[in-house]
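Heads up, the thing below is written out as structure tokens.
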Amino acid sequence: MKGFNEAVIFTSSGIRGVFNETLTLEDVVKISSSFAEVVGEGKIVVGRDTRPSGKPIAEAVIAGLTSIGKEVVDVEVAPTPTILHAIRDLKAAGGIIISASHNPPEWNALKLAGPEGLLLDEEYYTSIKKRISKRTVGRDRPRLIGTVRTWNPFPSYFRSILDYIDREAVRSNPVKVAVDCGGGAGALATPILLRKLGCEVKTIHCHTCGFFPRPLEPNQKTLGDLSQFVISTGSDVGVAHDCDADRMVCVSEDGAVLRPDEGFALIVDGVLREKKGGLVVTNVATSLLVEDVAEKYGAKVVRVAVGEANVVKEMVRLKATVGGEGSSGGVILPAVHYVRDGPLACAKLVEILAKTKAGVSDLLREYPSYYLERVKLSYPKALRHKIMDELSSRYSDENVDLTDGIKLCGDREWVLIRPSRTEPAMRVWAEARSRQRAKQLCENMVKEVKSIISELNS
Ligand code: MG
């Protein structure tokens with residue numbers, strides 16, 4: 001069995017494909033055994049989200065790992081943050097998480113993690129890819145057969161969060177929460193965790209049978225059911241996750257679905273208030289709201305390339321107070337672990353609401369409004385690089401940020417263009433104080449790209 005299926009997509013955040021089309025069980029065995037060879041001595045944790053393809057993929061992962069003598073701990077269905085917590089907890093050498101996050105149900109992916117439950121970065125994926133491409137997999141292995149046992153990762157995960165949250169504050173001012181896990185793995189954590197904190201919890205779409213009642217990406221377009229549910233149950237707040245529950249998006253008491261950035265800002269605000277300042281690390285696509293919040297406490301904001309591994313690396317290096325990817329609702333609270341953690345974000349949000357005795361809409365009212373526009377441009381890969389090169393030569397003054405793609409920064413507005421890591425496309429984001437201006441910034445960038453293309457073609 002040489003090489004692997006070229007259609008498998010290696011990205012900095014996982015190895016992805018459509019189950020049995022671009023991601024086959026044969027690929028999964030090869031990827032897992034190659035990972036086992038490079039990860040070092042020790043146990044490997046395996047876990048998955050609720051996608052129906054998760055079970056056969058987990059079996060293939062375990063086959064790949066045990067075929068070369070690895071000791072596997074299978075935590076079965078659990079949120080990604082819970083699986084990463086288990087890696088640290090068990091002092092494992094690493095882990096393989098089977099989840100395509102917010103992507104449609106027919107997709108699945110392998111996310112690789114190292115010791116301490118930290119997600120591995122792009123470099124690591126590239127080395128695994130080279131390893132699989134270059135050599136015959138499976139023939140030159142020692143004749144050692146590994147072991148596999150199951151383990152419940154939840155008790156210790158809940159304990160870590162409950163030790164961190166101010167339970168007394170929540171108990172003395174209980175919050176009514178509506179939870180929408182979208183049929184994902186968060187259903188096994190968030191409602192239970194919030195009840196342990198003393199919240200009154202109502203659930204919608206919190207089954208784990210592999211049926212998905214709404215698109216898995218939680219956002220303003222997909223959370224209509226939760227919005228209604230918050231109102232009909234008279235809840236103080238609604239919270240929603242993607243399929244592996246590393247994201248959290250919230251809904252205010254009046255049923256308004258917040259932008260992922262806004263929920264992120266509420267938590268950053270709460271943490272900086274408690275710590276009386278500090279340092280925030282987030283990606284280049286996150287709203288300026290984070291700078292507004294940081295300013296209140298004299299805190300610093302550092303921006304890095306999009307991708308959890310990039311954010312985590314910088315947070316560890318700078319000993320950040322709080323961080324994450326506001327653009328997708330991924331909150332990282334290093335007091336618990338360096339992981340985007342949806343259930344933990346919900347627990348912290350509830351603590352903040354209990355302590356401030358304010359509603360979500362009251363807290364949001366203190367923030368300036370921003371509008372975000374996004375456009376996707378599909379172009380062949382070769383052309384994308386030429387376009388990016390041409391754009392970087394056109395913009396070379398101090399208002400250009402080249403951290404990830406090209407970001408042009410103005411007064412309380414920005415436009416960002418970057419090649420997609422998962423599709424043959426480029427993404428344009430713009431944020432401004434009015435919707436019209438954000439649209440205009442996006443349109444101007446699209447026009448510029450189109451003119452470059454016609455120049456390249458002429
Ligand atoms: Mg996710």
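By convention in this document, the chains of the structure tokens carry letters A, B, ... by their order, each chain's residues are numbered from 1, and ligands are numbered from 1 in the order they are shown.
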
Check which residues of chain A sit at most 6 Å from ligand 1 using only C-alpha atoms and all ligand atoms, and return one row each with the closest pair of atoms and their distance in Å to one decimal, ordered by chain and rising number, as a tab-separated table.
residue	atom	partner	partner_atom_place_in_ligand_line	distance
A:Ser101	CA	ligand 1	1 (Mg)	3.6
A:His102	CA	ligand 1	1 (Mg)	5.4
A:Asp242	CA	ligand 1	1 (Mg)	5.5
A:Asp244	CA	ligand 1	1 (Mg)	4.9
A:Ala245	CA	ligand 1	1 (Mg)	5.7
A:Asp246	CA	ligand 1	1 (Mg)	4.7
A:Arg247	CA	ligand 1	1 (Mg)	5.6

Let's have the selection written as a PDB file, in the first residue's frame, with N, CA, C and O atoms.
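Done, and the output landed in part.pdb:
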ATOM      1  N   SER A 101     -15.690  19.184  12.830  1.00  0.00           N
ATOM      2  CA  SER A 101     -16.078  20.450  13.458  1.00  0.00           C
ATOM      3  C   SER A 101     -17.434  20.968  12.978  1.00  0.00           C
ATOM      4  O   SER A 101     -18.435  20.309  13.179  1.00  0.00           O
ATOM      5  N   HIS A 102     -17.447  22.112  12.286  1.00  0.00           N
ATOM      6  CA  HIS A 102     -18.693  22.736  11.847  1.00  0.00           C
ATOM      7  C   HIS A 102     -19.067  22.353  10.416  1.00  0.00           C
ATOM      8  O   HIS A 102     -20.076  22.808   9.897  1.00  0.00           O
ATOM      9  N   ASP A 242     -20.884  23.987  17.731  1.00  0.00           N
ATOM     10  CA  ASP A 242     -20.756  23.206  16.499  1.00  0.00           C
ATOM     11  C   ASP A 242     -20.688  21.720  16.902  1.00  0.00           C
ATOM     12  O   ASP A 242     -20.925  21.391  18.059  1.00  0.00           O
ATOM     13  N   ASP A 244     -18.329  19.526  17.401  1.00  0.00           N
ATOM     14  CA  ASP A 244     -17.362  19.052  18.406  1.00  0.00           C
ATOM     15  C   ASP A 244     -17.245  20.013  19.584  1.00  0.00           C
ATOM     16  O   ASP A 244     -16.370  19.841  20.445  1.00  0.00           O
ATOM     17  N   ALA A 245     -18.121  21.014  19.605  1.00  0.00           N
ATOM     18  CA  ALA A 245     -18.266  21.903  20.768  1.00  0.00           C
ATOM     19  C   ALA A 245     -16.982  22.624  21.184  1.00  0.00           C
ATOM     20  O   ALA A 245     -16.762  22.858  22.362  1.00  0.00           O
ATOM     21  N   ASP A 246     -16.144  22.988  20.205  1.00  0.00           N
ATOM     22  CA  ASP A 246     -15.055  23.891  20.594  1.00  0.00           C
ATOM     23  C   ASP A 246     -15.476  25.346  20.359  1.00  0.00           C
ATOM     24  O   ASP A 246     -14.799  26.270  20.770  1.00  0.00           O
ATOM     25  N   ARG A 247     -16.629  25.526  19.681  1.00  0.00           N
ATOM     26  CA  ARG A 247     -17.147  26.876  19.450  1.00  0.00           C
ATOM     27  C   ARG A 247     -18.358  27.150  20.336  1.00  0.00           C
ATOM     28  O   ARG A 247     -19.104  26.223  20.638  1.00  0.00           O
TER      29      ARG A 247
END

### Message
as a PyMOL selection string, please: the residues near Val400 of chain A (cut-off 12 Å, only C-alpha atoms, same-chain neighbours under 6 positions excluded).
### Response
chain A and resi 284+391-394+406-410+414-417

### Summary
In Å and to one decimal, atom CA of Val148 of chain A is distant from atom CA of Asp89 of chain A by 17.2 Å

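Straight-line separation from atom CA of Asp389 of chain A to atom CA of Ala305 of chain A: 17.9 Å.
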